[in-house]
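Student: Structure file target16.txt (compact mmCIF, N, CA, C and O atoms) right here:
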```txt
# COMPACT_ATOMS: atom_id res chain seq x y z
N MET A 77 0.84 -1.18 0.00
CA MET A 77 0.00 0.00 0.00
C MET A 77 0.88 1.24 0.00
O MET A 77 1.87 1.32 0.73
N ALA A 78 0.52 2.21 -0.82
CA ALA A 78 1.31 3.46 -0.93
C ALA A 78 1.17 4.29 0.35
O ALA A 78 0.15 4.25 1.02
N SER A 79 2.22 5.02 0.65
CA SER A 79 2.19 5.87 1.84
C SER A 79 1.86 7.32 1.51
O SER A 79 1.76 8.13 2.42
N HIS A 80 1.68 7.62 0.24
CA HIS A 80 1.35 8.98 -0.19
C HIS A 80 0.19 8.93 -1.16
O HIS A 80 -0.06 7.91 -1.81
N LEU A 81 -0.50 10.05 -1.29
CA LEU A 81 -1.55 10.15 -2.30
C LEU A 81 -0.92 10.11 -3.68
O LEU A 81 0.18 10.61 -3.88
N SER A 82 -1.64 9.54 -4.62
CA SER A 82 -1.16 9.55 -6.00
C SER A 82 -1.21 10.98 -6.54
O SER A 82 -1.93 11.83 -5.99
N PRO A 83 -0.47 11.27 -7.59
CA PRO A 83 -0.55 12.61 -8.20
C PRO A 83 -1.98 12.95 -8.62
O PRO A 83 -2.42 14.10 -8.47
N GLY A 84 -2.74 11.97 -9.10
CA GLY A 84 -4.12 12.24 -9.49
C GLY A 84 -5.00 12.60 -8.32
O GLY A 84 -5.82 13.52 -8.39
N ALA A 85 -4.84 11.89 -7.20
CA ALA A 85 -5.65 12.16 -6.01
C ALA A 85 -5.29 13.52 -5.41
O ALA A 85 -6.18 14.31 -5.09
N SER A 86 -4.00 13.81 -5.30
CA SER A 86 -3.62 15.12 -4.74
C SER A 86 -4.04 16.24 -5.69
O SER A 86 -4.45 17.32 -5.24
N GLY A 87 -3.99 15.98 -6.99
CA GLY A 87 -4.44 16.98 -7.95
C GLY A 87 -5.93 17.24 -7.84
O GLY A 87 -6.38 18.39 -7.94
N ALA A 88 -6.71 16.19 -7.62
CA ALA A 88 -8.16 16.35 -7.46
C ALA A 88 -8.47 17.21 -6.24
O ALA A 88 -9.33 18.10 -6.30
N ILE A 89 -7.77 16.97 -5.15
CA ILE A 89 -7.99 17.75 -3.93
C ILE A 89 -7.53 19.19 -4.14
O ILE A 89 -8.20 20.14 -3.72
N ARG A 90 -6.41 19.37 -4.83
CA ARG A 90 -5.90 20.72 -5.13
C ARG A 90 -6.90 21.49 -6.00
O ARG A 90 -7.18 22.66 -5.76
N ARG A 91 -7.45 20.82 -7.04
CA ARG A 91 -8.45 21.47 -7.89
C ARG A 91 -9.69 21.85 -7.09
O ARG A 91 -10.24 22.93 -7.24
N PHE A 92 -10.14 20.95 -6.21
CA PHE A 92 -11.30 21.25 -5.38
C PHE A 92 -11.03 22.48 -4.52
O PHE A 92 -11.89 23.35 -4.39
N ALA A 93 -9.85 22.56 -3.93
CA ALA A 93 -9.49 23.72 -3.11
C ALA A 93 -9.55 25.01 -3.95
O ALA A 93 -10.04 26.04 -3.48
N GLY A 94 -9.05 24.94 -5.17
CA GLY A 94 -9.10 26.10 -6.06
C GLY A 94 -10.52 26.49 -6.40
O GLY A 94 -10.87 27.67 -6.40
N TRP A 95 -11.37 25.49 -6.70
CA TRP A 95 -12.78 25.79 -7.00
C TRP A 95 -13.45 26.44 -5.80
O TRP A 95 -14.20 27.40 -5.95
N LEU A 96 -13.17 25.92 -4.61
CA LEU A 96 -13.77 26.49 -3.40
C LEU A 96 -13.30 27.92 -3.20
O LEU A 96 -14.10 28.81 -2.93
N ALA A 97 -12.00 28.17 -3.37
CA ALA A 97 -11.45 29.51 -3.16
C ALA A 97 -11.96 30.53 -4.19
O ALA A 97 -12.15 31.69 -3.88
N ARG A 98 -12.18 30.05 -5.43
CA ARG A 98 -12.66 30.96 -6.48
C ARG A 98 -14.18 31.09 -6.52
O ARG A 98 -14.71 31.88 -7.29
N GLY A 99 -14.86 30.29 -5.73
CA GLY A 99 -16.31 30.36 -5.72
C GLY A 99 -16.96 29.64 -6.88
O GLY A 99 -18.09 29.95 -7.25
N SER A 100 -16.27 28.68 -7.48
CA SER A 100 -16.83 27.99 -8.63
C SER A 100 -17.21 26.54 -8.32
O SER A 100 -17.51 25.78 -9.24
N VAL A 101 -17.21 26.17 -7.05
CA VAL A 101 -17.62 24.81 -6.67
C VAL A 101 -19.10 24.65 -6.98
O VAL A 101 -19.91 25.49 -6.65
N GLY A 102 -19.44 23.56 -7.62
CA GLY A 102 -20.84 23.25 -7.86
C GLY A 102 -21.49 24.03 -8.97
O GLY A 102 -22.70 24.20 -8.96
N HIS A 103 -20.69 24.54 -9.91
CA HIS A 103 -21.29 25.30 -11.01
C HIS A 103 -22.31 24.46 -11.73
O HIS A 103 -22.05 23.29 -11.98
N PRO A 104 -23.47 24.94 -12.06
CA PRO A 104 -23.92 26.31 -11.78
C PRO A 104 -24.33 26.46 -10.32
O PRO A 104 -24.90 25.54 -9.74
N MET A 105 -24.02 27.61 -9.75
CA MET A 105 -24.34 27.87 -8.35
C MET A 105 -25.82 28.23 -8.22
O MET A 105 -26.38 28.89 -9.09
N PRO A 106 -26.45 27.81 -7.13
CA PRO A 106 -27.84 28.18 -6.90
C PRO A 106 -27.97 29.71 -6.79
O PRO A 106 -27.09 30.37 -6.24
N GLU A 107 -29.04 30.23 -7.32
CA GLU A 107 -29.30 31.67 -7.26
C GLU A 107 -29.57 32.12 -5.83
O GLU A 107 -30.19 31.39 -5.05
N GLY A 108 -29.10 33.32 -5.48
CA GLY A 108 -29.45 33.94 -4.21
C GLY A 108 -28.67 33.45 -3.00
O GLY A 108 -29.00 33.82 -1.88
N ILE A 109 -27.66 32.62 -3.20
CA ILE A 109 -26.87 32.13 -2.07
C ILE A 109 -25.45 32.64 -2.23
O ILE A 109 -24.78 32.35 -3.21
N ASP A 110 -25.01 33.43 -1.25
CA ASP A 110 -23.63 33.91 -1.24
C ASP A 110 -22.83 32.94 -0.38
O ASP A 110 -22.61 33.16 0.80
N TYR A 111 -22.45 31.81 -1.00
CA TYR A 111 -21.83 30.77 -0.20
C TYR A 111 -20.48 31.21 0.36
O TYR A 111 -20.06 30.76 1.42
N TRP A 112 -19.78 32.11 -0.32
CA TRP A 112 -18.49 32.57 0.19
C TRP A 112 -18.67 33.30 1.52
O TRP A 112 -17.90 33.12 2.45
N ALA A 113 -19.72 34.12 1.62
CA ALA A 113 -20.02 34.81 2.88
C ALA A 113 -20.36 33.80 3.97
O ALA A 113 -19.96 33.97 5.13
N GLU A 114 -21.09 32.75 3.59
CA GLU A 114 -21.43 31.71 4.56
C GLU A 114 -20.18 31.00 5.06
O GLU A 114 -20.04 30.74 6.26
N LEU A 115 -19.25 30.70 4.16
CA LEU A 115 -18.01 30.05 4.58
C LEU A 115 -17.15 30.96 5.45
O LEU A 115 -16.51 30.51 6.39
N ARG A 116 -17.15 32.25 5.13
CA ARG A 116 -16.38 33.21 5.91
C ARG A 116 -16.94 33.30 7.33
O ARG A 116 -16.19 33.40 8.30
N ASP A 117 -18.27 33.25 7.46
CA ASP A 117 -18.90 33.34 8.78
C ASP A 117 -18.73 32.07 9.60
O ASP A 117 -18.78 32.10 10.82
N SER A 118 -18.55 30.94 8.93
CA SER A 118 -18.44 29.66 9.62
C SER A 118 -17.41 28.79 8.92
O SER A 118 -17.76 27.95 8.09
N PRO A 119 -16.13 28.99 9.23
CA PRO A 119 -15.08 28.23 8.54
C PRO A 119 -15.23 26.72 8.65
O PRO A 119 -14.74 26.00 7.80
N SER A 120 -15.92 26.23 9.66
CA SER A 120 -16.09 24.79 9.78
C SER A 120 -16.89 24.24 8.60
O SER A 120 -16.81 23.05 8.29
N GLN A 121 -17.66 25.10 7.91
CA GLN A 121 -18.38 24.64 6.72
C GLN A 121 -17.40 24.30 5.59
O GLN A 121 -17.64 23.37 4.82
N ALA A 122 -16.29 25.04 5.50
CA ALA A 122 -15.26 24.71 4.51
C ALA A 122 -14.64 23.36 4.84
O ALA A 122 -14.41 22.54 3.94
N GLU A 123 -14.41 23.12 6.11
CA GLU A 123 -13.87 21.83 6.53
C GLU A 123 -14.85 20.71 6.15
O GLU A 123 -14.44 19.65 5.66
N THR A 124 -16.13 20.96 6.34
CA THR A 124 -17.15 19.99 5.98
C THR A 124 -17.15 19.73 4.48
O THR A 124 -17.26 18.57 4.03
N CYS A 125 -16.99 20.79 3.68
CA CYS A 125 -16.92 20.63 2.22
C CYS A 125 -15.78 19.69 1.83
O CYS A 125 -15.95 18.79 1.00
N PHE A 126 -14.61 19.90 2.42
CA PHE A 126 -13.46 19.05 2.12
C PHE A 126 -13.69 17.62 2.59
O PHE A 126 -13.36 16.66 1.89
N ALA A 127 -14.27 17.47 3.77
CA ALA A 127 -14.53 16.13 4.30
C ALA A 127 -15.47 15.36 3.37
O ALA A 127 -15.22 14.19 3.06
N VAL A 128 -16.52 16.01 2.90
CA VAL A 128 -17.45 15.35 2.00
C VAL A 128 -16.75 14.99 0.69
O VAL A 128 -16.86 13.87 0.20
N PHE A 129 -16.02 15.96 0.10
CA PHE A 129 -15.33 15.70 -1.16
C PHE A 129 -14.39 14.51 -1.05
O PHE A 129 -14.42 13.59 -1.86
N VAL A 130 -13.54 14.51 -0.03
CA VAL A 130 -12.55 13.44 0.12
C VAL A 130 -13.21 12.11 0.46
O VAL A 130 -12.78 11.06 -0.02
N ASN A 131 -14.30 12.13 1.23
CA ASN A 131 -14.96 10.89 1.60
C ASN A 131 -15.73 10.25 0.45
O ASN A 131 -15.94 9.04 0.46
N VAL A 132 -16.12 11.03 -0.56
CA VAL A 132 -16.82 10.43 -1.70
C VAL A 132 -15.89 10.22 -2.90
O VAL A 132 -16.27 9.58 -3.87
N LEU A 133 -14.66 10.74 -2.82
CA LEU A 133 -13.70 10.56 -3.90
C LEU A 133 -13.32 9.08 -4.01
O LEU A 133 -12.89 8.48 -3.03
N GLU A 134 -13.52 8.51 -5.18
CA GLU A 134 -13.18 7.11 -5.40
C GLU A 134 -11.89 7.03 -6.20
O GLU A 134 -11.68 7.79 -7.14
N LEU A 135 -11.03 6.09 -5.80
CA LEU A 135 -9.75 5.90 -6.46
C LEU A 135 -9.69 4.51 -7.07
O LEU A 135 -10.21 3.55 -6.50
N ASP A 136 -9.01 4.40 -8.22
CA ASP A 136 -8.83 3.08 -8.84
C ASP A 136 -7.68 2.36 -8.16
O ASP A 136 -7.11 2.84 -7.17
N GLU A 137 -7.31 1.20 -8.69
CA GLU A 137 -6.26 0.39 -8.07
C GLU A 137 -4.89 1.07 -8.07
O GLU A 137 -4.00 0.69 -7.32
N ASN A 138 -4.73 2.10 -8.90
CA ASN A 138 -3.46 2.86 -8.94
C ASN A 138 -3.54 4.14 -8.10
O ASN A 138 -2.61 4.94 -8.11
N GLY A 139 -4.66 4.35 -7.41
CA GLY A 139 -4.82 5.53 -6.59
C GLY A 139 -5.25 6.76 -7.37
O GLY A 139 -5.21 7.86 -6.83
N GLU A 140 -5.71 6.56 -8.60
CA GLU A 140 -6.14 7.69 -9.42
C GLU A 140 -7.65 7.87 -9.29
O GLU A 140 -8.41 6.91 -9.23
N PRO A 141 -8.13 9.13 -9.23
CA PRO A 141 -9.56 9.38 -9.04
C PRO A 141 -10.38 8.90 -10.24
O PRO A 141 -9.96 9.04 -11.38
N VAL A 142 -11.54 8.34 -9.94
CA VAL A 142 -12.44 7.89 -11.00
C VAL A 142 -13.75 8.67 -11.01
O VAL A 142 -14.53 8.54 -11.94
N ASN A 143 -14.01 9.48 -10.00
CA ASN A 143 -15.26 10.22 -9.94
C ASN A 143 -15.09 11.68 -9.52
O ASN A 143 -15.97 12.28 -8.94
N GLU A 144 -13.93 12.24 -9.85
CA GLU A 144 -13.68 13.64 -9.45
C GLU A 144 -14.76 14.54 -10.00
O GLU A 144 -15.23 15.44 -9.40
```
Please, can you express the file's structure as structure tokens?

Tutor:
Amino acid sequence: MASHLSPGASGAIRRFAGWLARGSVGHPMPEGIDYWAELRDSPSQAETCFAVFVNVLELDENGEPVNE
């Protein structure tokens, strides 16, 4: 078993972080919700976003994402 994330898995997490930071997660975004303001008011929601993303991320036998 590998002791590090594969380049594909770490790349998927890095891309997700970028989408979250740029406000483009979940495009198209629902109308009338300023999710960035919500995350700023409650940073634990950002932690929850990452937890959900990583917990549903599926990897193949080489550790590469199959459902990013």

Student: For stretch 115-127 of chain A, list every protein, DNA or RNA residue within 12 Å, evaluated using only C-alpha atoms, and leave out those in the same chain fewer than 2 positions away; present the list as a PyMOL selection string.

Tutor: chain A and resi 88-97+99+101-102+109-113+129-133

Student: Give me, please, the distance in Å between atom O of A:Ala85 and atom N of A:Pro104, quoted to one decimal.

Tutor: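 Atom-to-atom, atom O of A:Ala85 and atom N of A:Pro104 are spaced 21.5 Å apart.
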
Student: Have a look at atom C of A:Asn143 and atom C of A:Ser100 and let me know their distance in Å, one decimal.

Tutor: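 Distance reported for this atom pair: 15.1 Å.
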
Student: Do you have the atom CA of A:Ser86-atom O of A:Val142 distance handy?

Tutor: 14.6 Å

Student: Running DSSP on the backbone, which parts of chain A land in alpha helix (DSSP H), as number ranges by chain?

Tutor: A: 83-98, 111-117, 120-132

Student: Grab the residues selected above and save them as a CSV table (one decimal), in the coordinates of the input with N, CA, C and O atoms.

Tutor:
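See again32.csv below for the written result:
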```
chain,number,residue,atom,x,y,z
A,83,PRO,N,-0.5,11.3,-7.6
A,83,PRO,CA,-0.6,12.6,-8.2
A,83,PRO,C,-2.0,13.0,-8.6
A,83,PRO,O,-2.4,14.1,-8.5
A,84,GLY,N,-2.7,12.0,-9.1
A,84,GLY,CA,-4.1,12.2,-9.5
A,84,GLY,C,-5.0,12.6,-8.3
A,84,GLY,O,-5.8,13.5,-8.4
A,85,ALA,N,-4.8,11.9,-7.2
A,85,ALA,CA,-5.6,12.2,-6.0
A,85,ALA,C,-5.3,13.5,-5.4
A,85,ALA,O,-6.2,14.3,-5.1
A,86,SER,N,-4.0,13.8,-5.3
A,86,SER,CA,-3.6,15.1,-4.7
A,86,SER,C,-4.0,16.2,-5.7
A,86,SER,O,-4.4,17.3,-5.2
A,87,GLY,N,-4.0,16.0,-7.0
A,87,GLY,CA,-4.4,17.0,-8.0
A,87,GLY,C,-5.9,17.2,-7.8
A,87,GLY,O,-6.4,18.4,-7.9
A,88,ALA,N,-6.7,16.2,-7.6
A,88,ALA,CA,-8.2,16.4,-7.5
A,88,ALA,C,-8.5,17.2,-6.2
A,88,ALA,O,-9.3,18.1,-6.3
A,89,ILE,N,-7.8,17.0,-5.2
A,89,ILE,CA,-8.0,17.8,-3.9
A,89,ILE,C,-7.5,19.2,-4.1
A,89,ILE,O,-8.2,20.1,-3.7
A,90,ARG,N,-6.4,19.4,-4.8
A,90,ARG,CA,-5.9,20.7,-5.1
A,90,ARG,C,-6.9,21.5,-6.0
A,90,ARG,O,-7.2,22.7,-5.8
A,91,ARG,N,-7.4,20.8,-7.0
A,91,ARG,CA,-8.4,21.5,-7.9
A,91,ARG,C,-9.7,21.8,-7.1
A,91,ARG,O,-10.2,22.9,-7.2
A,92,PHE,N,-10.1,21.0,-6.2
A,92,PHE,CA,-11.3,21.2,-5.4
A,92,PHE,C,-11.0,22.5,-4.5
A,92,PHE,O,-11.9,23.4,-4.4
A,93,ALA,N,-9.8,22.6,-3.9
A,93,ALA,CA,-9.5,23.7,-3.1
A,93,ALA,C,-9.6,25.0,-4.0
A,93,ALA,O,-10.0,26.0,-3.5
A,94,GLY,N,-9.0,24.9,-5.2
A,94,GLY,CA,-9.1,26.1,-6.1
A,94,GLY,C,-10.5,26.5,-6.4
A,94,GLY,O,-10.9,27.7,-6.4
A,95,TRP,N,-11.4,25.5,-6.7
A,95,TRP,CA,-12.8,25.8,-7.0
A,95,TRP,C,-13.4,26.4,-5.8
A,95,TRP,O,-14.2,27.4,-6.0
A,96,LEU,N,-13.2,25.9,-4.6
A,96,LEU,CA,-13.8,26.5,-3.4
A,96,LEU,C,-13.3,27.9,-3.2
A,96,LEU,O,-14.1,28.8,-2.9
A,97,ALA,N,-12.0,28.2,-3.4
A,97,ALA,CA,-11.4,29.5,-3.2
A,97,ALA,C,-12.0,30.5,-4.2
A,97,ALA,O,-12.2,31.7,-3.9
A,98,ARG,N,-12.2,30.0,-5.4
A,98,ARG,CA,-12.7,31.0,-6.5
A,98,ARG,C,-14.2,31.1,-6.5
A,98,ARG,O,-14.7,31.9,-7.3
A,111,TYR,N,-22.4,31.8,-1.0
A,111,TYR,CA,-21.8,30.8,-0.2
A,111,TYR,C,-20.5,31.2,0.4
A,111,TYR,O,-20.1,30.8,1.4
A,112,TRP,N,-19.8,32.1,-0.3
A,112,TRP,CA,-18.5,32.6,0.2
A,112,TRP,C,-18.7,33.3,1.5
A,112,TRP,O,-17.9,33.1,2.4
A,113,ALA,N,-19.7,34.1,1.6
A,113,ALA,CA,-20.0,34.8,2.9
A,113,ALA,C,-20.4,33.8,4.0
A,113,ALA,O,-20.0,34.0,5.1
A,114,GLU,N,-21.1,32.8,3.6
A,114,GLU,CA,-21.4,31.7,4.6
A,114,GLU,C,-20.2,31.0,5.1
A,114,GLU,O,-20.0,30.7,6.3
A,115,LEU,N,-19.2,30.7,4.2
A,115,LEU,CA,-18.0,30.0,4.6
A,115,LEU,C,-17.2,31.0,5.4
A,115,LEU,O,-16.5,30.5,6.4
A,116,ARG,N,-17.2,32.2,5.1
A,116,ARG,CA,-16.4,33.2,5.9
A,116,ARG,C,-16.9,33.3,7.3
A,116,ARG,O,-16.2,33.4,8.3
A,117,ASP,N,-18.3,33.2,7.5
A,117,ASP,CA,-18.9,33.3,8.8
A,117,ASP,C,-18.7,32.1,9.6
A,117,ASP,O,-18.8,32.1,10.8
A,120,SER,N,-15.9,26.2,9.7
A,120,SER,CA,-16.1,24.8,9.8
A,120,SER,C,-16.9,24.2,8.6
A,120,SER,O,-16.8,23.0,8.3
A,121,GLN,N,-17.7,25.1,7.9
A,121,GLN,CA,-18.4,24.6,6.7
A,121,GLN,C,-17.4,24.3,5.6
A,121,GLN,O,-17.6,23.4,4.8
A,122,ALA,N,-16.3,25.0,5.5
A,122,ALA,CA,-15.3,24.7,4.5
A,122,ALA,C,-14.6,23.4,4.8
A,122,ALA,O,-14.4,22.5,3.9
A,123,GLU,N,-14.4,23.1,6.1
A,123,GLU,CA,-13.9,21.8,6.5
A,123,GLU,C,-14.8,20.7,6.2
A,123,GLU,O,-14.4,19.6,5.7
A,124,THR,N,-16.1,21.0,6.3
A,124,THR,CA,-17.2,20.0,6.0
A,124,THR,C,-17.2,19.7,4.5
A,124,THR,O,-17.3,18.6,4.0
A,125,CYS,N,-17.0,20.8,3.7
A,125,CYS,CA,-16.9,20.6,2.2
A,125,CYS,C,-15.8,19.7,1.8
A,125,CYS,O,-16.0,18.8,1.0
A,126,PHE,N,-14.6,19.9,2.4
A,126,PHE,CA,-13.5,19.0,2.1
A,126,PHE,C,-13.7,17.6,2.6
A,126,PHE,O,-13.4,16.7,1.9
A,127,ALA,N,-14.3,17.5,3.8
A,127,ALA,CA,-14.5,16.1,4.3
A,127,ALA,C,-15.5,15.4,3.4
A,127,ALA,O,-15.2,14.2,3.1
A,128,VAL,N,-16.5,16.0,2.9
A,128,VAL,CA,-17.4,15.4,2.0
A,128,VAL,C,-16.8,15.0,0.7
A,128,VAL,O,-16.9,13.9,0.2
A,129,PHE,N,-16.0,16.0,0.1
A,129,PHE,CA,-15.3,15.7,-1.2
A,129,PHE,C,-14.4,14.5,-1.0
A,129,PHE,O,-14.4,13.6,-1.9
A,130,VAL,N,-13.5,14.5,0.0
A,130,VAL,CA,-12.6,13.4,0.1
A,130,VAL,C,-13.2,12.1,0.5
A,130,VAL,O,-12.8,11.1,0.0
A,131,ASN,N,-14.3,12.1,1.2
A,131,ASN,CA,-15.0,10.9,1.6
A,131,ASN,C,-15.7,10.2,0.4
A,131,ASN,O,-15.9,9.0,0.5
A,132,VAL,N,-16.1,11.0,-0.6
A,132,VAL,CA,-16.8,10.4,-1.7
A,132,VAL,C,-15.9,10.2,-2.9
A,132,VAL,O,-16.3,9.6,-3.9
```

Student: Can you patch up stretch 93-103 of chain A, filling it in to all heavy atoms, and show the result as an mmCIF file, in the frame of the given file?

Tutor:
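This is the output file result.cif:
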```cif
data_model
loop_
_atom_site.group_PDB
_atom_site.id
_atom_site.type_symbol
_atom_site.label_atom_id
_atom_site.label_comp_id
_atom_site.auth_asym_id
_atom_site.auth_seq_id
_atom_site.Cartn_x
_atom_site.Cartn_y
_atom_site.Cartn_z
ATOM 1 N N ALA A 93 -9.850 22.560 -3.930
ATOM 2 C CA ALA A 93 -9.490 23.720 -3.110
ATOM 3 C C ALA A 93 -9.550 25.010 -3.950
ATOM 4 O O ALA A 93 -10.040 26.040 -3.480
ATOM 5 C CB ALA A 93 -8.097 23.550 -2.511
ATOM 6 N N GLY A 94 -9.050 24.940 -5.170
ATOM 7 C CA GLY A 94 -9.100 26.100 -6.060
ATOM 8 C C GLY A 94 -10.520 26.490 -6.400
ATOM 9 O O GLY A 94 -10.870 27.670 -6.400
ATOM 10 N N TRP A 95 -11.370 25.490 -6.700
ATOM 11 C CA TRP A 95 -12.780 25.790 -7.000
ATOM 12 C C TRP A 95 -13.450 26.440 -5.800
ATOM 13 O O TRP A 95 -14.200 27.400 -5.950
ATOM 14 C CB TRP A 95 -13.528 24.520 -7.354
ATOM 15 C CG TRP A 95 -13.085 23.848 -8.610
ATOM 16 C CD1 TRP A 95 -12.452 24.434 -9.682
ATOM 17 C CD2 TRP A 95 -13.222 22.467 -8.929
ATOM 18 N NE1 TRP A 95 -12.194 23.489 -10.642
ATOM 19 C CE2 TRP A 95 -12.657 22.271 -10.216
ATOM 20 C CE3 TRP A 95 -13.771 21.379 -8.258
ATOM 21 C CZ2 TRP A 95 -12.639 21.032 -10.827
ATOM 22 C CZ3 TRP A 95 -13.739 20.146 -8.876
ATOM 23 C CH2 TRP A 95 -13.185 19.981 -10.143
ATOM 24 N N LEU A 96 -13.170 25.920 -4.610
ATOM 25 C CA LEU A 96 -13.770 26.490 -3.400
ATOM 26 C C LEU A 96 -13.300 27.920 -3.200
ATOM 27 O O LEU A 96 -14.100 28.810 -2.930
ATOM 28 C CB LEU A 96 -13.405 25.623 -2.185
ATOM 29 C CG LEU A 96 -14.073 25.994 -0.872
ATOM 30 C CD1 LEU A 96 -15.573 25.736 -0.939
ATOM 31 C CD2 LEU A 96 -13.465 25.197 0.271
ATOM 32 N N ALA A 97 -12.000 28.170 -3.370
ATOM 33 C CA ALA A 97 -11.450 29.510 -3.160
ATOM 34 C C ALA A 97 -11.960 30.530 -4.190
ATOM 35 O O ALA A 97 -12.150 31.690 -3.880
ATOM 36 C CB ALA A 97 -9.922 29.454 -3.205
ATOM 37 N N ARG A 98 -12.180 30.050 -5.430
ATOM 38 C CA ARG A 98 -12.660 30.960 -6.480
ATOM 39 C C ARG A 98 -14.180 31.090 -6.520
ATOM 40 O O ARG A 98 -14.710 31.880 -7.290
ATOM 41 C CB ARG A 98 -12.177 30.474 -7.852
ATOM 42 C CG ARG A 98 -10.716 30.732 -8.105
ATOM 43 C CD ARG A 98 -10.325 30.379 -9.532
ATOM 44 N NE ARG A 98 -10.560 28.982 -9.857
ATOM 45 C CZ ARG A 98 -9.736 27.973 -9.546
ATOM 46 N NH1 ARG A 98 -8.625 28.231 -8.887
ATOM 47 N NH2 ARG A 98 -10.008 26.741 -9.881
ATOM 48 N N GLY A 99 -14.860 30.290 -5.730
ATOM 49 C CA GLY A 99 -16.310 30.360 -5.720
ATOM 50 C C GLY A 99 -16.960 29.640 -6.880
ATOM 51 O O GLY A 99 -18.090 29.950 -7.250
ATOM 52 N N SER A 100 -16.270 28.680 -7.480
ATOM 53 C CA SER A 100 -16.830 27.990 -8.630
ATOM 54 C C SER A 100 -17.210 26.540 -8.320
ATOM 55 O O SER A 100 -17.510 25.780 -9.240
ATOM 56 C CB SER A 100 -15.847 28.044 -9.798
ATOM 57 O OG SER A 100 -14.624 27.427 -9.461
ATOM 58 N N VAL A 101 -17.210 26.170 -7.050
ATOM 59 C CA VAL A 101 -17.620 24.810 -6.670
ATOM 60 C C VAL A 101 -19.100 24.650 -6.980
ATOM 61 O O VAL A 101 -19.910 25.490 -6.650
ATOM 62 C CB VAL A 101 -17.376 24.552 -5.175
ATOM 63 C CG1 VAL A 101 -18.078 23.311 -4.697
ATOM 64 C CG2 VAL A 101 -15.892 24.437 -4.909
ATOM 65 N N GLY A 102 -19.440 23.560 -7.620
ATOM 66 C CA GLY A 102 -20.840 23.250 -7.860
ATOM 67 C C GLY A 102 -21.490 24.030 -8.970
ATOM 68 O O GLY A 102 -22.700 24.200 -8.960
ATOM 69 N N HIS A 103 -20.690 24.540 -9.910
ATOM 70 C CA HIS A 103 -21.290 25.300 -11.010
ATOM 71 C C HIS A 103 -22.310 24.460 -11.730
ATOM 72 O O HIS A 103 -22.050 23.290 -11.980
ATOM 73 C CB HIS A 103 -20.226 25.761 -11.999
ATOM 74 C CG HIS A 103 -19.897 27.214 -11.873
ATOM 75 N ND1 HIS A 103 -20.854 28.179 -11.947
ATOM 76 C CD2 HIS A 103 -18.733 27.852 -11.682
ATOM 77 C CE1 HIS A 103 -20.282 29.365 -11.811
ATOM 78 N NE2 HIS A 103 -18.977 29.180 -11.630
#
```
